[in-house]
Amino acid sequence: MIEFGHSTHVGLRREHNEDTYHADTDLGLWLVADGMGGHEHGEVASALARDTLIREVRNGTTLVQAIQLADEEIIRHSTRRSEALPMGTTIAALRLTSDTSYEIAWVGDSRIYLWDSGALRQISQDHSYVQELIDQGAITSEQARNHPHRNVVTQALGVTDPQSLRVESVRGDFKPGMQLLLCSDGLTEEVDDSAIAQILARNELSAQECVEHLILAALEGGGSDNVTVLLVRRT
């Protein structure tokens, strides 16, 4: 059986929520998109990504190809506008191919975590400047949390050339007791992995209650950005 919770919050310092998400057990699709560009451009980009993924997955397109098509759709939309401002979005998507298996795919720094056997593990890898520095051994994960360029993404739908776009994906078994968490960086900017794990470990909480606790933790941490959280459990 699948249980899920979902919510989004504008945060404490932003006027608009450029995040969007979708949660759909019938389609077996969950996604978080964190728009960027300002002046409502981010809201448009994240909504275009969401709508394209829903349409394409419903038509039988693979998750990776659906994300590639979303990138092309945002670029097409952007070139039709007269403003010079860029318009882009991250994407983190989960597809349950059956009750017992999953596929995730992502572009950017919205994250996907797996909770399994009492441990939390990030199964996506950020497409970000600080992640590249971590991979090179130039900084530690702790230093990345306070790095002045921690919000710089190296891949995003709508702003990365389609020939250079790197849509990454991972497949796995979705066993009873496992939880999959999708979130925008508004959560991980304010709440570290150990604090996220403490909330997911609370068996007395429903999936929706866990989501609400996570968003509250992000707001208590400063709420510097829009925050979106989806949690999918297999019971």
# chains A, B, ... in the order shown; residues from 1 in each chain; ligands from 1
>>> closest_atom_pairs(of="region 10-92 of chain A", to="region 124-137 of chain A", cutoff="12 Å", atoms="only C-alpha atoms", output="Markdown table")
| residue | atom | partner | partner_atom | distance |
| --- | --- | --- | --- | --- |
| A:Thr90 | CA | A:His127 | CA | 9.4 |
| A:Ile91 | CA | A:His127 | CA | 10.9 |
| A:Ala92 | CA | A:Ser124 | CA | 8.4 |
>>> select_by_dssp(residues="region 49-205 of chain A", states="strand (DSSP E or B)", output="ChimeraX atom specification")
/A:88-89,91-98,101-107,111-116,119-122,128,153,157,168-173,179-183
>>> residues_around(residues="Glu103 (chain A)", least_positions_apart="3", cutoff="9 Å", atoms="only C-alpha atoms", output="NGL selection string")
:A and (63 or 93-97 or 169-173)
>>> write_last_selection(atoms="all heavy atoms", output="PDB file, in the first residue's frame")
ATOM      1  N   LEU A  63      10.335   8.392 -18.110  1.00  0.00           N
ATOM      2  CA  LEU A  63      10.532   9.541 -17.231  1.00  0.00           C
ATOM      3  C   LEU A  63      11.656  10.446 -17.746  1.00  0.00           C
ATOM      4  O   LEU A  63      11.515  11.677 -17.796  1.00  0.00           O
ATOM      5  CB  LEU A  63      10.840   9.047 -15.814  1.00  0.00           C
ATOM      6  CG  LEU A  63      10.687  10.037 -14.666  1.00  0.00           C
ATOM      7  CD1 LEU A  63       9.305  10.674 -14.660  1.00  0.00           C
ATOM      8  CD2 LEU A  63      10.962   9.332 -13.330  1.00  0.00           C
ATOM      9  N   ALA A  93      11.765  13.906  -9.963  1.00  0.00           N
ATOM     10  CA  ALA A  93      10.548  13.145 -10.245  1.00  0.00           C
ATOM     11  C   ALA A  93      10.700  11.696  -9.830  1.00  0.00           C
ATOM     12  O   ALA A  93      11.778  11.102  -9.925  1.00  0.00           O
ATOM     13  CB  ALA A  93      10.210  13.228 -11.735  1.00  0.00           C
ATOM     14  N   LEU A  94       9.596  11.135  -9.382  1.00  0.00           N
ATOM     15  CA  LEU A  94       9.513   9.742  -8.951  1.00  0.00           C
ATOM     16  C   LEU A  94       8.396   9.071  -9.715  1.00  0.00           C
ATOM     17  O   LEU A  94       7.284   9.604  -9.798  1.00  0.00           O
ATOM     18  CB  LEU A  94       9.227   9.681  -7.441  1.00  0.00           C
ATOM     19  CG  LEU A  94       8.655   8.372  -6.883  1.00  0.00           C
ATOM     20  CD1 LEU A  94       9.685   7.241  -6.967  1.00  0.00           C
ATOM     21  CD2 LEU A  94       8.193   8.568  -5.431  1.00  0.00           C
ATOM     22  N   ARG A  95       8.686   7.905 -10.264  1.00  0.00           N
ATOM     23  CA  ARG A  95       7.662   7.107 -10.931  1.00  0.00           C
ATOM     24  C   ARG A  95       7.661   5.728 -10.283  1.00  0.00           C
ATOM     25  O   ARG A  95       8.675   5.053 -10.215  1.00  0.00           O
ATOM     26  CB  ARG A  95       7.996   6.976 -12.421  1.00  0.00           C
ATOM     27  CG  ARG A  95       6.953   6.196 -13.214  1.00  0.00           C
ATOM     28  CD  ARG A  95       5.834   7.097 -13.696  1.00  0.00           C
ATOM     29  NE  ARG A  95       4.609   6.349 -13.936  1.00  0.00           N
ATOM     30  CZ  ARG A  95       4.299   5.714 -15.054  1.00  0.00           C
ATOM     31  NH1 ARG A  95       5.152   5.705 -16.049  1.00  0.00           N
ATOM     32  NH2 ARG A  95       3.148   5.084 -15.166  1.00  0.00           N
ATOM     33  N   LEU A  96       6.495   5.332  -9.764  1.00  0.00           N
ATOM     34  CA  LEU A  96       6.362   3.962  -9.260  1.00  0.00           C
ATOM     35  C   LEU A  96       5.930   3.098 -10.429  1.00  0.00           C
ATOM     36  O   LEU A  96       4.817   3.235 -10.941  1.00  0.00           O
ATOM     37  CB  LEU A  96       5.332   3.900  -8.129  1.00  0.00           C
ATOM     38  CG  LEU A  96       5.717   4.603  -6.823  1.00  0.00           C
ATOM     39  CD1 LEU A  96       4.689   4.296  -5.742  1.00  0.00           C
ATOM     40  CD2 LEU A  96       7.103   4.202  -6.342  1.00  0.00           C
ATOM     41  N   THR A  97       6.832   2.231 -10.875  1.00  0.00           N
ATOM     42  CA  THR A  97       6.522   1.364 -12.009  1.00  0.00           C
ATOM     43  C   THR A  97       5.633   0.202 -11.584  1.00  0.00           C
ATOM     44  O   THR A  97       4.971  -0.406 -12.397  1.00  0.00           O
ATOM     45  CB  THR A  97       7.815   0.848 -12.653  1.00  0.00           C
ATOM     46  OG1 THR A  97       8.685   0.346 -11.626  1.00  0.00           O
ATOM     47  CG2 THR A  97       8.545   1.987 -13.354  1.00  0.00           C
ATOM     48  N   SER A 169      19.099   9.251 -13.765  1.00  0.00           N
ATOM     49  CA  SER A 169      18.013   8.422 -13.222  1.00  0.00           C
ATOM     50  C   SER A 169      18.582   7.242 -12.447  1.00  0.00           C
ATOM     51  O   SER A 169      19.708   6.797 -12.694  1.00  0.00           O
ATOM     52  CB  SER A 169      17.091   7.927 -14.343  1.00  0.00           C
ATOM     53  OG  SER A 169      17.770   7.035 -15.197  1.00  0.00           O
ATOM     54  N   VAL A 170      17.782   6.777 -11.516  1.00  0.00           N
ATOM     55  CA  VAL A 170      18.135   5.625 -10.680  1.00  0.00           C
ATOM     56  C   VAL A 170      16.884   4.783 -10.513  1.00  0.00           C
ATOM     57  O   VAL A 170      15.782   5.314 -10.345  1.00  0.00           O
ATOM     58  CB  VAL A 170      18.651   6.076  -9.285  1.00  0.00           C
ATOM     59  CG1 VAL A 170      18.824   4.883  -8.358  1.00  0.00           C
ATOM     60  CG2 VAL A 170      19.951   6.857  -9.407  1.00  0.00           C
ATOM     61  N   ARG A 171      17.038   3.472 -10.560  1.00  0.00           N
ATOM     62  CA  ARG A 171      15.930   2.556 -10.305  1.00  0.00           C
ATOM     63  C   ARG A 171      16.218   1.757  -9.037  1.00  0.00           C
ATOM     64  O   ARG A 171      17.376   1.555  -8.674  1.00  0.00           O
ATOM     65  CB  ARG A 171      15.739   1.575 -11.463  1.00  0.00           C
ATOM     66  CG  ARG A 171      15.290   2.230 -12.773  1.00  0.00           C
ATOM     67  CD  ARG A 171      15.253   1.209 -13.901  1.00  0.00           C
ATOM     68  NE  ARG A 171      14.872   1.821 -15.160  1.00  0.00           N
ATOM     69  CZ  ARG A 171      13.626   1.881 -15.611  1.00  0.00           C
ATOM     70  NH1 ARG A 171      12.643   1.331 -14.886  1.00  0.00           N
ATOM     71  NH2 ARG A 171      13.346   2.442 -16.765  1.00  0.00           N
ATOM     72  N   GLY A 172      15.159   1.304  -8.388  1.00  0.00           N
ATOM     73  CA  GLY A 172      15.356   0.509  -7.186  1.00  0.00           C
ATOM     74  C   GLY A 172      14.088  -0.213  -6.761  1.00  0.00           C
ATOM     75  O   GLY A 172      13.010   0.005  -7.331  1.00  0.00           O
ATOM     76  N   ASP A 173      14.244  -1.076  -5.784  1.00  0.00           N
ATOM     77  CA  ASP A 173      13.099  -1.789  -5.202  1.00  0.00           C
ATOM     78  C   ASP A 173      12.479  -0.917  -4.128  1.00  0.00           C
ATOM     79  O   ASP A 173      13.195  -0.305  -3.333  1.00  0.00           O
ATOM     80  CB  ASP A 173      13.546  -3.121  -4.596  1.00  0.00           C
ATOM     81  CG  ASP A 173      14.066  -4.090  -5.650  1.00  0.00           C
ATOM     82  OD1 ASP A 173      13.519  -4.076  -6.772  1.00  0.00           O
ATOM     83  OD2 ASP A 173      15.019  -4.828  -5.355  1.00  0.00           O
TER      84      ASP A 173
END
>>> residues_around(residues="His9 (chain A)", least_positions_apart="2", cutoff="8 Å", atoms="only C-alpha atoms", output="ChimeraX atom specification")
/A:7,11,17,215,226-228
>>> closest_residue(among="A:Val229, A:Ile54, A:Leu120, A:Ile139", to="Ala195 (chain A)", atoms="only C-alpha atoms")
A:Leu120
